[in-house]
$ cat input.tsv   # TSV, N, CA and C atoms
chain	number	residue	atom	x	y	z
A	296	MET	N	-10.97	-52.57	-28.65
A	296	MET	CA	-10.20	-51.90	-29.67
A	296	MET	C	-11.10	-50.98	-30.51
A	297	GLN	N	-12.31	-51.44	-30.78
A	297	GLN	CA	-13.24	-50.64	-31.56
A	297	GLN	C	-13.57	-49.33	-30.84
A	298	ARG	N	-13.69	-49.42	-29.51
A	298	ARG	CA	-14.02	-48.22	-28.73
A	298	ARG	C	-12.89	-47.19	-28.82
A	299	LEU	N	-11.65	-47.63	-28.75
A	299	LEU	CA	-10.51	-46.74	-28.87
A	299	LEU	C	-10.49	-46.09	-30.24
A	300	TYR	N	-10.81	-46.85	-31.29
A	300	TYR	CA	-10.86	-46.30	-32.64
A	300	TYR	C	-11.93	-45.22	-32.74
A	301	ASN	N	-13.08	-45.43	-32.09
A	301	ASN	CA	-14.15	-44.44	-32.13
A	301	ASN	C	-13.73	-43.14	-31.46
A	302	ILE	N	-12.96	-43.23	-30.38
A	302	ILE	CA	-12.50	-42.02	-29.70
A	302	ILE	C	-11.55	-41.25	-30.60
A	303	TYR	N	-10.60	-41.94	-31.23
A	303	TYR	CA	-9.68	-41.26	-32.13
A	303	TYR	C	-10.43	-40.68	-33.34
A	304	TYR	N	-11.43	-41.38	-33.82
A	304	TYR	CA	-12.22	-40.90	-34.94
A	304	TYR	C	-12.95	-39.62	-34.54
A	305	PHE	N	-13.53	-39.61	-33.32
A	305	PHE	CA	-14.23	-38.43	-32.84
A	305	PHE	C	-13.26	-37.25	-32.69
A	306	LEU	N	-12.09	-37.49	-32.12
A	306	LEU	CA	-11.11	-36.42	-31.96
A	306	LEU	C	-10.65	-35.89	-33.30
A	307	GLY	N	-10.50	-36.76	-34.28
A	307	GLY	CA	-10.11	-36.31	-35.62
A	307	GLY	C	-11.16	-35.42	-36.24
A	308	ILE	N	-12.42	-35.77	-36.07
A	308	ILE	CA	-13.51	-34.94	-36.59
A	308	ILE	C	-13.53	-33.60	-35.86
A	309	PHE	N	-13.32	-33.63	-34.54
A	309	PHE	CA	-13.33	-32.40	-33.76
A	309	PHE	C	-12.23	-31.46	-34.21
A	310	PHE	N	-11.03	-31.98	-34.41
A	310	PHE	CA	-9.93	-31.13	-34.87
A	310	PHE	C	-10.19	-30.63	-36.28
A	311	SER	N	-10.79	-31.45	-37.11
A	311	SER	CA	-11.10	-31.03	-38.47
A	311	SER	C	-12.13	-29.91	-38.48
A	312	VAL	N	-13.09	-29.98	-37.59
A	312	VAL	CA	-14.12	-28.94	-37.53
A	312	VAL	C	-13.51	-27.62	-37.07
A	313	LYS	N	-12.55	-27.68	-36.12
A	313	LYS	CA	-11.88	-26.45	-35.69
A	313	LYS	C	-11.11	-25.83	-36.84
A	314	ILE	N	-10.40	-26.66	-37.59
A	314	ILE	CA	-9.63	-26.14	-38.72
A	314	ILE	C	-10.57	-25.58	-39.79
A	315	LEU	N	-11.65	-26.29	-40.07
A	315	LEU	CA	-12.63	-25.81	-41.05
A	315	LEU	C	-13.26	-24.49	-40.58
A	316	GLY	N	-13.60	-24.40	-39.30
A	316	GLY	CA	-14.16	-23.16	-38.77
A	316	GLY	C	-13.19	-22.00	-38.89
A	317	ASN	N	-11.90	-22.26	-38.64
A	317	ASN	CA	-10.91	-21.19	-38.77
A	317	ASN	C	-10.71	-20.76	-40.21
A	318	ILE	N	-10.77	-21.69	-41.13
A	318	ILE	CA	-10.62	-21.34	-42.55
A	318	ILE	C	-11.82	-20.50	-43.01
A	319	ILE	N	-13.03	-20.92	-42.61
A	319	ILE	CA	-14.22	-20.14	-42.96
A	319	ILE	C	-14.16	-18.77	-42.31
A	320	TRP	N	-13.69	-18.72	-41.06
A	320	TRP	CA	-13.53	-17.45	-40.36
A	320	TRP	C	-12.60	-16.52	-41.13
A	321	LEU	N	-11.46	-17.05	-41.58
A	321	LEU	CA	-10.50	-16.23	-42.32
A	321	LEU	C	-11.08	-15.70	-43.62
A	322	VAL	N	-11.78	-16.56	-44.34
A	322	VAL	CA	-12.31	-16.16	-45.65
A	322	VAL	C	-13.39	-15.09	-45.51
A	323	PHE	N	-14.23	-15.22	-44.50
A	323	PHE	CA	-15.36	-14.30	-44.36
A	323	PHE	C	-15.13	-13.17	-43.35
A	324	GLY	N	-13.91	-12.68	-43.26
A	324	GLY	CA	-13.67	-11.47	-42.50
A	324	GLY	C	-12.62	-11.55	-41.42
A	325	GLY	N	-12.21	-12.73	-41.01
A	325	GLY	CA	-11.21	-12.83	-39.96
A	325	GLY	C	-9.87	-12.24	-40.36
A	326	ILE	N	-9.52	-12.39	-41.62
A	326	ILE	CA	-8.24	-11.85	-42.09
A	326	ILE	C	-8.28	-10.32	-42.06
A	327	LEU	N	-9.44	-9.73	-42.37
A	327	LEU	CA	-9.57	-8.27	-42.33
A	327	LEU	C	-9.45	-7.74	-40.90
A	328	ILE	N	-10.05	-8.44	-39.96
A	328	ILE	CA	-9.96	-8.04	-38.56
A	328	ILE	C	-8.52	-8.10	-38.09
A	329	ALA	N	-7.83	-9.18	-38.45
A	329	ALA	CA	-6.43	-9.33	-38.04
A	329	ALA	C	-5.55	-8.26	-38.67
A	330	VAL	N	-5.78	-7.95	-39.94
A	330	VAL	CA	-4.99	-6.90	-40.61
A	330	VAL	C	-5.23	-5.55	-39.94
A	331	GLU	N	-6.47	-5.27	-39.55
A	331	GLU	CA	-6.75	-4.02	-38.84
A	331	GLU	C	-5.99	-3.96	-37.51
A	332	TYR	N	-5.96	-5.06	-36.79
A	332	TYR	CA	-5.21	-5.09	-35.54
A	332	TYR	C	-3.71	-4.91	-35.79
A	333	PHE	N	-3.19	-5.52	-36.83
A	333	PHE	CA	-1.76	-5.40	-37.12
A	333	PHE	C	-1.40	-3.98	-37.55
A	334	ILE	N	-2.26	-3.33	-38.32
A	334	ILE	CA	-2.02	-1.93	-38.70
A	334	ILE	C	-2.06	-1.03	-37.46
A	335	ALA	N	-3.04	-1.26	-36.59
A	335	ALA	CA	-3.11	-0.48	-35.34
A	335	ALA	C	-1.86	-0.72	-34.49
A	336	SER	N	-1.37	-1.94	-34.50
A	336	SER	CA	-0.16	-2.26	-33.74
A	336	SER	C	1.04	-1.50	-34.28
A	337	LEU	N	1.16	-1.43	-35.60
A	337	LEU	CA	2.25	-0.66	-36.21
A	337	LEU	C	2.13	0.82	-35.87
A	338	ALA	N	0.91	1.33	-35.86
A	338	ALA	CA	0.71	2.74	-35.51
A	338	ALA	C	1.09	3.00	-34.05
A	339	PHE	N	0.78	2.06	-33.16
A	339	PHE	CA	1.16	2.22	-31.76
A	339	PHE	C	2.67	2.15	-31.57
A	340	MET	N	3.36	1.38	-32.40
A	340	MET	CA	4.80	1.21	-32.24
A	340	MET	C	5.61	2.44	-32.65
A	341	ILE	N	4.96	3.44	-33.21
A	341	ILE	CA	5.67	4.66	-33.61
A	341	ILE	C	6.24	5.36	-32.38
A	342	THR	N	5.48	5.36	-31.30
A	342	THR	CA	5.95	6.01	-30.08
A	342	THR	C	6.39	4.96	-29.06
A	343	ILE	N	7.26	5.34	-28.19
A	343	ILE	CA	7.72	4.43	-27.14
A	343	ILE	C	6.59	4.16	-26.15
A	344	ILE	N	5.80	5.16	-25.88
A	344	ILE	CA	4.69	5.00	-24.93
A	344	ILE	C	3.66	4.00	-25.45
A	345	GLY	N	3.50	3.90	-26.77
A	345	GLY	CA	2.50	3.02	-27.35
A	345	GLY	C	2.92	1.57	-27.49
A	346	ILE	N	4.16	1.25	-27.18
A	346	ILE	CA	4.63	-0.14	-27.39
A	346	ILE	C	3.85	-1.16	-26.56
A	347	PRO	N	3.53	-0.92	-25.28
A	347	PRO	CA	2.71	-1.92	-24.56
A	347	PRO	C	1.34	-2.14	-25.21
A	348	PHE	N	0.77	-1.06	-25.75
A	348	PHE	CA	-0.52	-1.19	-26.43
A	348	PHE	C	-0.35	-1.92	-27.77
A	349	ALA	N	0.79	-1.73	-28.41
A	349	ALA	CA	1.07	-2.44	-29.66
A	349	ALA	C	1.17	-3.94	-29.42
A	350	VAL	N	1.77	-4.32	-28.31
A	350	VAL	CA	1.87	-5.75	-27.98
A	350	VAL	C	0.48	-6.35	-27.79
A	351	GLN	N	-0.41	-5.59	-27.16
A	351	GLN	CA	-1.77	-6.10	-26.94
A	351	GLN	C	-2.56	-6.19	-28.24
A	352	THR	N	-2.37	-5.22	-29.14
A	352	THR	CA	-3.08	-5.32	-30.43
A	352	THR	C	-2.50	-6.44	-31.28
A	353	LEU	N	-1.20	-6.72	-31.14
A	353	LEU	CA	-0.64	-7.90	-31.81
A	353	LEU	C	-1.27	-9.18	-31.27
A	354	LYS	N	-1.45	-9.23	-29.95
A	354	LYS	CA	-2.08	-10.39	-29.33
A	354	LYS	C	-3.51	-10.56	-29.85
A	355	LEU	N	-4.25	-9.45	-29.96
A	355	LEU	CA	-5.61	-9.52	-30.50
A	355	LEU	C	-5.61	-9.92	-31.97
A	356	GLY	N	-4.63	-9.45	-32.73
A	356	GLY	CA	-4.54	-9.81	-34.15
A	356	GLY	C	-4.28	-11.29	-34.35
A	357	VAL	N	-3.38	-11.85	-33.56
A	357	VAL	CA	-3.10	-13.28	-33.66
A	357	VAL	C	-4.32	-14.09	-33.23
A	358	PHE	N	-5.00	-13.62	-32.19
A	358	PHE	CA	-6.22	-14.29	-31.73
A	358	PHE	C	-7.31	-14.21	-32.79
A	359	ALA	N	-7.37	-13.10	-33.52
A	359	ALA	CA	-8.39	-12.93	-34.57
A	359	ALA	C	-8.07	-13.78	-35.80
A	360	LEU	N	-6.82	-14.17	-35.98
A	360	LEU	CA	-6.49	-15.03	-37.12
A	360	LEU	C	-6.98	-16.46	-36.94
A	361	TRP	N	-6.92	-16.99	-35.75
A	361	TRP	CA	-7.20	-18.41	-35.52
A	361	TRP	C	-7.98	-18.57	-34.22
A	362	PRO	N	-9.25	-18.10	-34.15
A	362	PRO	CA	-9.96	-18.08	-32.86
A	362	PRO	C	-10.54	-19.43	-32.43
A	363	PHE	N	-10.89	-20.29	-33.39
A	363	PHE	CA	-11.45	-21.58	-33.01
A	363	PHE	C	-10.34	-22.44	-32.40
A	364	GLY	N	-10.56	-22.94	-31.21
A	364	GLY	CA	-9.56	-23.74	-30.53
A	364	GLY	C	-8.62	-22.91	-29.68
A	365	SER	N	-8.90	-21.62	-29.54
A	365	SER	CA	-8.07	-20.75	-28.70
A	365	SER	C	-8.90	-20.24	-27.53
A	366	GLU	N	-8.24	-20.05	-26.41
A	366	GLU	CA	-8.90	-19.51	-25.22
A	366	GLU	C	-8.03	-18.43	-24.62
A	367	THR	N	-8.64	-17.61	-23.79
A	367	THR	CA	-7.86	-16.64	-23.03
A	367	THR	C	-7.88	-17.05	-21.56
A	368	ARG	N	-6.76	-16.88	-20.93
A	368	ARG	CA	-6.64	-17.19	-19.51
A	368	ARG	C	-6.05	-15.98	-18.80
A	369	LEU	N	-6.49	-15.77	-17.59
A	369	LEU	CA	-5.97	-14.69	-16.78
A	369	LEU	C	-4.61	-15.10	-16.24
A	370	ASP	N	-3.63	-14.24	-16.43
A	370	ASP	CA	-2.29	-14.51	-15.95
A	370	ASP	C	-2.24	-14.27	-14.45
A	371	VAL	N	-1.32	-14.95	-13.76
A	371	VAL	CA	-1.22	-14.79	-12.31
A	371	VAL	C	-0.72	-13.39	-11.94
A	372	ARG	N	-0.03	-12.73	-12.84
A	372	ARG	CA	0.48	-11.39	-12.57
A	372	ARG	C	-0.56	-10.31	-12.83
A	373	ALA	N	-1.74	-10.66	-13.27
A	373	ALA	CA	-2.71	-9.70	-13.78
A	373	ALA	C	-3.34	-8.81	-12.72
A	374	SER	N	-3.13	-9.08	-11.45
A	374	SER	CA	-3.77	-8.28	-10.42
A	374	SER	C	-2.91	-7.09	-9.98
A	375	GLY	N	-1.81	-6.87	-10.65
A	375	GLY	CA	-0.92	-5.78	-10.27
A	375	GLY	C	-1.48	-4.42	-10.63
A	376	CYS	N	-0.93	-3.42	-10.02
A	376	CYS	CA	-1.37	-2.03	-10.21
A	376	CYS	C	-1.16	-1.57	-11.66
A	377	LEU	N	-0.03	-1.95	-12.24
A	377	LEU	CA	0.27	-1.53	-13.60
A	377	LEU	C	-0.71	-2.12	-14.61
A	378	TYR	N	-1.10	-3.39	-14.43
A	378	TYR	CA	-2.07	-4.01	-15.34
A	378	TYR	C	-3.42	-3.31	-15.26
A	379	ILE	N	-3.82	-2.95	-14.05
A	379	ILE	CA	-5.11	-2.27	-13.89
A	379	ILE	C	-5.06	-0.89	-14.55
A	380	LEU	N	-3.99	-0.16	-14.33
A	380	LEU	CA	-3.84	1.16	-14.93
A	380	LEU	C	-3.82	1.08	-16.46
A	381	MET	N	-3.08	0.12	-17.00
A	381	MET	CA	-3.00	-0.03	-18.46
A	381	MET	C	-4.35	-0.45	-19.05
A	382	ASN	N	-5.09	-1.30	-18.36
A	382	ASN	CA	-6.42	-1.69	-18.84
A	382	ASN	C	-7.39	-0.51	-18.83
A	383	ILE	N	-7.27	0.37	-17.82
A	383	ILE	CA	-8.12	1.56	-17.79
A	383	ILE	C	-7.77	2.49	-18.95
A	384	LEU	N	-6.48	2.70	-19.18
A	384	LEU	CA	-6.06	3.51	-20.32
A	384	LEU	C	-6.52	2.89	-21.64
A	385	TRP	N	-6.41	1.57	-21.74
A	385	TRP	CA	-6.84	0.85	-22.94
A	385	TRP	C	-8.32	1.10	-23.19
A	386	LEU	N	-9.14	0.99	-22.15
A	386	LEU	CA	-10.58	1.21	-22.30
A	386	LEU	C	-10.88	2.62	-22.77
A	387	LEU	N	-10.21	3.60	-22.18
A	387	LEU	CA	-10.47	4.99	-22.54
A	387	LEU	C	-9.98	5.35	-23.94
A	388	LEU	N	-8.91	4.71	-24.39
A	388	LEU	CA	-8.30	5.06	-25.68
A	388	LEU	C	-8.79	4.22	-26.86
A	389	GLY	N	-9.85	3.46	-26.68
A	389	GLY	CA	-10.39	2.75	-27.82
A	389	GLY	C	-10.79	1.32	-27.59
A	390	GLY	N	-10.43	0.77	-26.45
A	390	GLY	CA	-10.78	-0.63	-26.18
A	390	GLY	C	-12.28	-0.86	-26.08
A	391	LEU	N	-12.97	0.14	-25.55
A	391	LEU	CA	-14.42	0.01	-25.43
A	391	LEU	C	-15.09	-0.02	-26.80
A	392	VAL	N	-14.61	0.79	-27.71
A	392	VAL	CA	-15.16	0.81	-29.08
A	392	VAL	C	-14.90	-0.52	-29.77
A	393	ILE	N	-13.70	-1.05	-29.59
A	393	ILE	CA	-13.36	-2.35	-30.20
A	393	ILE	C	-14.26	-3.44	-29.63
A	394	ALA	N	-14.43	-3.46	-28.31
A	394	ALA	CA	-15.26	-4.48	-27.68
A	394	ALA	C	-16.72	-4.36	-28.12
A	395	LEU	N	-17.23	-3.14	-28.22
A	395	LEU	CA	-18.61	-2.95	-28.67
A	395	LEU	C	-18.79	-3.38	-30.12
A	396	SER	N	-17.81	-3.11	-30.96
A	396	SER	CA	-17.94	-3.53	-32.36
A	396	SER	C	-17.93	-5.06	-32.46
A	397	HIS	N	-17.10	-5.73	-31.67
A	397	HIS	CA	-17.12	-7.19	-31.68
A	397	HIS	C	-18.45	-7.72	-31.12
A	398	ALA	N	-18.99	-7.06	-30.12
A	398	ALA	CA	-20.27	-7.49	-29.56
A	398	ALA	C	-21.40	-7.33	-30.57
A	399	VAL	N	-21.39	-6.23	-31.31
A	399	VAL	CA	-22.42	-6.01	-32.34
A	399	VAL	C	-22.30	-7.05	-33.44
A	400	PHE	N	-21.06	-7.31	-33.91
A	400	PHE	CA	-20.88	-8.34	-34.93
A	400	PHE	C	-21.30	-9.71	-34.39
A	401	GLY	N	-21.01	-9.98	-33.13
A	401	GLY	CA	-21.43	-11.24	-32.52
A	401	GLY	C	-22.93	-11.39	-32.50
A	402	LEU	N	-23.62	-10.30	-32.15
A	402	LEU	CA	-25.09	-10.35	-32.15
A	402	LEU	C	-25.64	-10.54	-33.56
A	403	LEU	N	-25.08	-9.83	-34.53
A	403	LEU	CA	-25.56	-9.97	-35.91
A	403	LEU	C	-25.33	-11.38	-36.45
A	404	LEU	N	-24.18	-11.95	-36.15
A	404	LEU	CA	-23.88	-13.29	-36.64
A	404	LEU	C	-24.70	-14.35	-35.92
A	405	SER	N	-25.11	-14.08	-34.69
A	405	SER	CA	-25.87	-15.07	-33.93
A	405	SER	C	-27.35	-15.11	-34.31
A	406	ILE	N	-27.76	-14.28	-35.24
A	406	ILE	CA	-29.16	-14.31	-35.68
A	406	ILE	C	-29.46	-15.63	-36.38
A	407	THR	N	-28.53	-16.11	-37.19
A	407	THR	CA	-28.75	-17.37	-37.90
A	407	THR	C	-28.06	-18.50	-37.17
A	408	ILE	N	-28.55	-19.70	-37.39
A	408	ILE	CA	-27.96	-20.87	-36.74
A	408	ILE	C	-26.54	-21.11	-37.24
A	409	ILE	N	-26.31	-20.88	-38.51
A	409	ILE	CA	-24.98	-21.10	-39.08
A	409	ILE	C	-23.98	-20.09	-38.53
A	410	GLY	N	-24.43	-18.90	-38.21
A	410	GLY	CA	-23.53	-17.86	-37.74
A	410	GLY	C	-23.22	-17.90	-36.25
A	411	ILE	N	-23.90	-18.75	-35.49
A	411	ILE	CA	-23.70	-18.78	-34.03
A	411	ILE	C	-22.25	-19.08	-33.64
A	412	PRO	N	-21.58	-20.07	-34.22
A	412	PRO	CA	-20.18	-20.29	-33.83
A	412	PRO	C	-19.28	-19.08	-34.11
A	413	PHE	N	-19.55	-18.38	-35.19
A	413	PHE	CA	-18.74	-17.20	-35.53
A	413	PHE	C	-19.09	-16.03	-34.61
A	414	GLY	N	-20.35	-15.94	-34.22
A	414	GLY	CA	-20.74	-14.93	-33.23
A	414	GLY	C	-20.07	-15.18	-31.89
A	415	MET	N	-19.95	-16.44	-31.51
A	415	MET	CA	-19.28	-16.78	-30.25
A	415	MET	C	-17.81	-16.36	-30.29
A	416	GLN	N	-17.18	-16.48	-31.44
A	416	GLN	CA	-15.78	-16.05	-31.56
A	416	GLN	C	-15.66	-14.54	-31.41
A	417	HIS	N	-16.63	-13.81	-31.94
A	417	HIS	CA	-16.63	-12.35	-31.75
A	417	HIS	C	-16.84	-11.99	-30.28
A	418	PHE	N	-17.65	-12.77	-29.58
A	418	PHE	CA	-17.83	-12.51	-28.15
A	418	PHE	C	-16.54	-12.78	-27.38
A	419	LYS	N	-15.79	-13.81	-27.79
A	419	LYS	CA	-14.49	-14.05	-27.17
A	419	LYS	C	-13.54	-12.88	-27.44
A	420	LEU	N	-13.55	-12.37	-28.66
A	420	LEU	CA	-12.70	-11.23	-28.99
A	420	LEU	C	-13.14	-9.98	-28.22
A	421	ALA	N	-14.44	-9.82	-28.02
A	421	ALA	CA	-14.93	-8.66	-27.26
A	421	ALA	C	-14.47	-8.74	-25.81
A	422	ALA	N	-14.47	-9.94	-25.25
A	422	ALA	CA	-14.05	-10.10	-23.86
A	422	ALA	C	-12.59	-9.74	-23.67
A	423	ILE	N	-11.74	-10.17	-24.60
A	423	ILE	CA	-10.32	-9.84	-24.46
A	423	ILE	C	-10.06	-8.40	-24.86
A	424	ALA	N	-10.90	-7.81	-25.71
A	424	ALA	CA	-10.70	-6.42	-26.11
A	424	ALA	C	-11.05	-5.46	-24.98
A	425	LEU	N	-11.83	-5.88	-24.01
A	425	LEU	CA	-12.15	-5.02	-22.87
A	425	LEU	C	-10.95	-4.81	-21.97
A	426	SER	N	-10.21	-5.87	-21.71
A	426	SER	CA	-9.04	-5.75	-20.83
A	426	SER	C	-7.98	-6.76	-21.26
A	427	PRO	N	-7.16	-6.42	-22.25
A	427	PRO	CA	-6.18	-7.38	-22.76
A	427	PRO	C	-4.93	-7.53	-21.90
A	428	PHE	N	-4.63	-6.55	-21.07
A	428	PHE	CA	-3.42	-6.63	-20.25
A	428	PHE	C	-3.63	-7.67	-19.16
A	429	GLY	N	-2.70	-8.59	-19.06
A	429	GLY	CA	-2.78	-9.63	-18.05
A	429	GLY	C	-3.49	-10.89	-18.51
A	430	LYS	N	-3.82	-10.98	-19.79
A	430	LYS	CA	-4.46	-12.18	-20.31
A	430	LYS	C	-3.54	-12.84	-21.31
A	431	ASP	N	-3.53	-14.16	-21.30
A	431	ASP	CA	-2.74	-14.95	-22.23
A	431	ASP	C	-3.66	-15.72	-23.15
A	432	ILE	N	-3.21	-15.93	-24.39
A	432	ILE	CA	-3.96	-16.73	-25.35
A	432	ILE	C	-3.37	-18.14	-25.34
A	433	ILE	N	-4.24	-19.11	-25.18
A	433	ILE	CA	-3.82	-20.51	-25.12
A	433	ILE	C	-4.49	-21.25	-26.25
A	434	ARG	N	-3.69	-21.95	-27.03
A	434	ARG	CA	-4.20	-22.75	-28.15
A	434	ARG	C	-4.32	-24.20	-27.73
A	435	ASP	N	-5.44	-24.80	-28.10
A	435	ASP	CA	-5.64	-26.22	-27.81
A	435	ASP	C	-4.92	-27.09	-28.80
$ encode --input "input.tsv" --output "structure tokens"
Amino acid sequence: MQRLYNIYYFLGIFFSVKILGNIIWLVFGGILIAVEYFIASLAFMITIIGIPFAVQTLKLGVFALWPFGSETRLDVRASGCLYILMNILWLLLGGLVIALSHAVFGLLLSITIIGIPFGMQHFKLAAIALSPFGKDIIRD
């Protein structure tokens, strides 16, 4: 019985650390990143052609709000011609700049030991910012 209690205690601490990491993330810049993505999404929604890109920036904004405990998975439909074309357009129209900015922030945050977990979250955001079409966000 004691062993079972220890497992639940460990899981409780693990979930608490994820929540604490997300709160610290929000306070120290995560909310600003998410707001930038949401504003970009609204700008994309002005035109009909920009709506698919708006959906992807919304996905990035939600991912930027609560990154600890979230993962990205490749969708089974992601190998289609349309996904590849949209990802190429995304890269050319600003996805590369977004990914590079997340990579730079990740490197800067990884300089200190305390910043390493937050740098890892920026690296996750950089990976999805390179090719967001065909990827799903999964929360643990």
$ select_by_dssp --input "input.tsv" --residues "chain A" --states "helix (DSSP H, G or I)" --output "PyMOL selection string"
chain A and resi 297-339+346-360+371-374+376-404+411-425
$ atom_distance --input "input.tsv" --atom1 "atom C of A:Gly410" --atom2 "atom C of A:Trp320"
11.8 Å
$ closest_residue --input "input.tsv" --among "A:Phe428, A:Phe413, A:His397, A:Leu337" --to "A:Ile379" --atoms "only N, CA and C atoms"
A:Phe428
$ select_by_dssp --input "input.tsv" --residues "stretch 324-419 of chain A" --states "strand (DSSP E or B)" --output "list in words"
Ser365, Glu366, Thr367, Arg368 and Leu369 of chain A
$ residues_around --input "input.tsv" --residues "A:Lys430" --least-positions-apart "3" --cutoff "6 Å" --atoms "only C-alpha atoms" --output "ChimeraX atom specification"
/A:368-370,427
$ closest_residue --input "input.tsv" --among "A:Gly364, A:Pro347, A:Gly389, A:Glu331" --to "A:Ile433" --atoms "all atoms listed in the file"
A:Gly364
$ closest_residue --input "input.tsv" --among "A:Val371, A:Leu402, A:Ala394, A:Ile328" --to "A:Ala424" --atoms "only N, CA and C atoms"
A:Ala394
$ atom_distance --input "input.tsv" --atom1 "atom CA of A:Gly316" --atom2 "atom N of A:Ala398"
18.9 Å
$ atom_distance --input "input.tsv" --atom1 "atom CA of A:His417" --atom2 "atom CA of A:Gly401"
5.0 Å
$ decode --input "input.tsv" --residues "stretch 373-428 of chain A" --atoms "C-alpha atoms" --output "short mmCIF file (atom, residue, chain, number, x, y, z; two decimals), in the first residue's frame"
data_model
loop_
_atom_site.label_atom_id
_atom_site.label_comp_id
_atom_site.auth_asym_id
_atom_site.auth_seq_id
_atom_site.Cartn_x
_atom_site.Cartn_y
_atom_site.Cartn_z
CA ALA A 373 0.05 15.00 -43.19
CA SER A 374 1.74 13.39 -46.18
CA GLY A 375 -0.73 14.81 -48.69
CA CYS A 376 0.17 17.21 -51.45
CA LEU A 377 -1.87 20.06 -50.00
CA TYR A 378 -0.13 19.85 -46.60
CA ILE A 379 3.28 19.97 -48.26
CA LEU A 380 2.30 22.95 -50.42
CA MET A 381 0.82 24.84 -47.44
CA ASN A 382 3.93 24.16 -45.32
CA ILE A 383 6.15 25.52 -48.11
CA LEU A 384 3.99 28.64 -48.36
CA TRP A 385 4.06 28.94 -44.56
CA LEU A 386 7.87 28.80 -44.54
CA LEU A 387 8.19 31.43 -47.25
CA LEU A 388 5.61 33.80 -45.73
CA GLY A 389 7.07 34.00 -42.25
CA GLY A 390 7.28 30.57 -40.67
CA LEU A 391 11.05 30.53 -40.95
CA VAL A 392 11.34 33.84 -39.11
CA ILE A 393 9.03 32.60 -36.35
CA ALA A 394 11.00 29.36 -36.00
CA LEU A 395 14.33 31.21 -35.90
CA SER A 396 13.07 33.62 -33.25
CA HIS A 397 11.92 30.71 -31.08
CA ALA A 398 15.28 28.99 -31.61
CA VAL A 399 17.18 32.14 -30.57
CA PHE A 400 15.01 32.55 -27.46
CA GLY A 401 15.54 28.86 -26.70
CA LEU A 402 19.30 29.27 -26.93
CA LEU A 403 19.27 32.40 -24.75
CA LEU A 404 17.11 30.75 -22.10
CA SER A 405 19.24 27.60 -22.11
CA ILE A 406 22.31 29.52 -20.96
CA THR A 407 21.21 29.22 -17.33
CA ILE A 408 20.19 26.04 -15.58
CA ILE A 409 16.89 27.58 -14.48
CA GLY A 410 16.05 28.61 -18.04
CA ILE A 411 16.64 25.20 -19.65
CA PRO A 412 13.03 23.96 -19.30
CA PHE A 413 11.75 27.20 -20.82
CA GLY A 414 14.32 26.99 -23.61
CA MET A 415 13.08 23.48 -24.37
CA GLN A 416 9.55 24.83 -24.74
CA HIS A 417 10.80 27.40 -27.24
CA PHE A 418 12.49 24.60 -29.18
CA LYS A 419 9.15 22.74 -29.26
CA LEU A 420 7.48 25.90 -30.56
CA ALA A 421 10.23 26.32 -33.17
CA ALA A 422 9.69 22.77 -34.41
CA ILE A 423 5.97 23.28 -34.91
CA ALA A 424 6.52 26.76 -36.38
CA LEU A 425 8.57 25.25 -39.20
CA SER A 426 5.72 23.13 -40.52
CA PRO A 427 2.44 23.44 -38.61
CA PHE A 428 0.18 21.93 -41.27
#
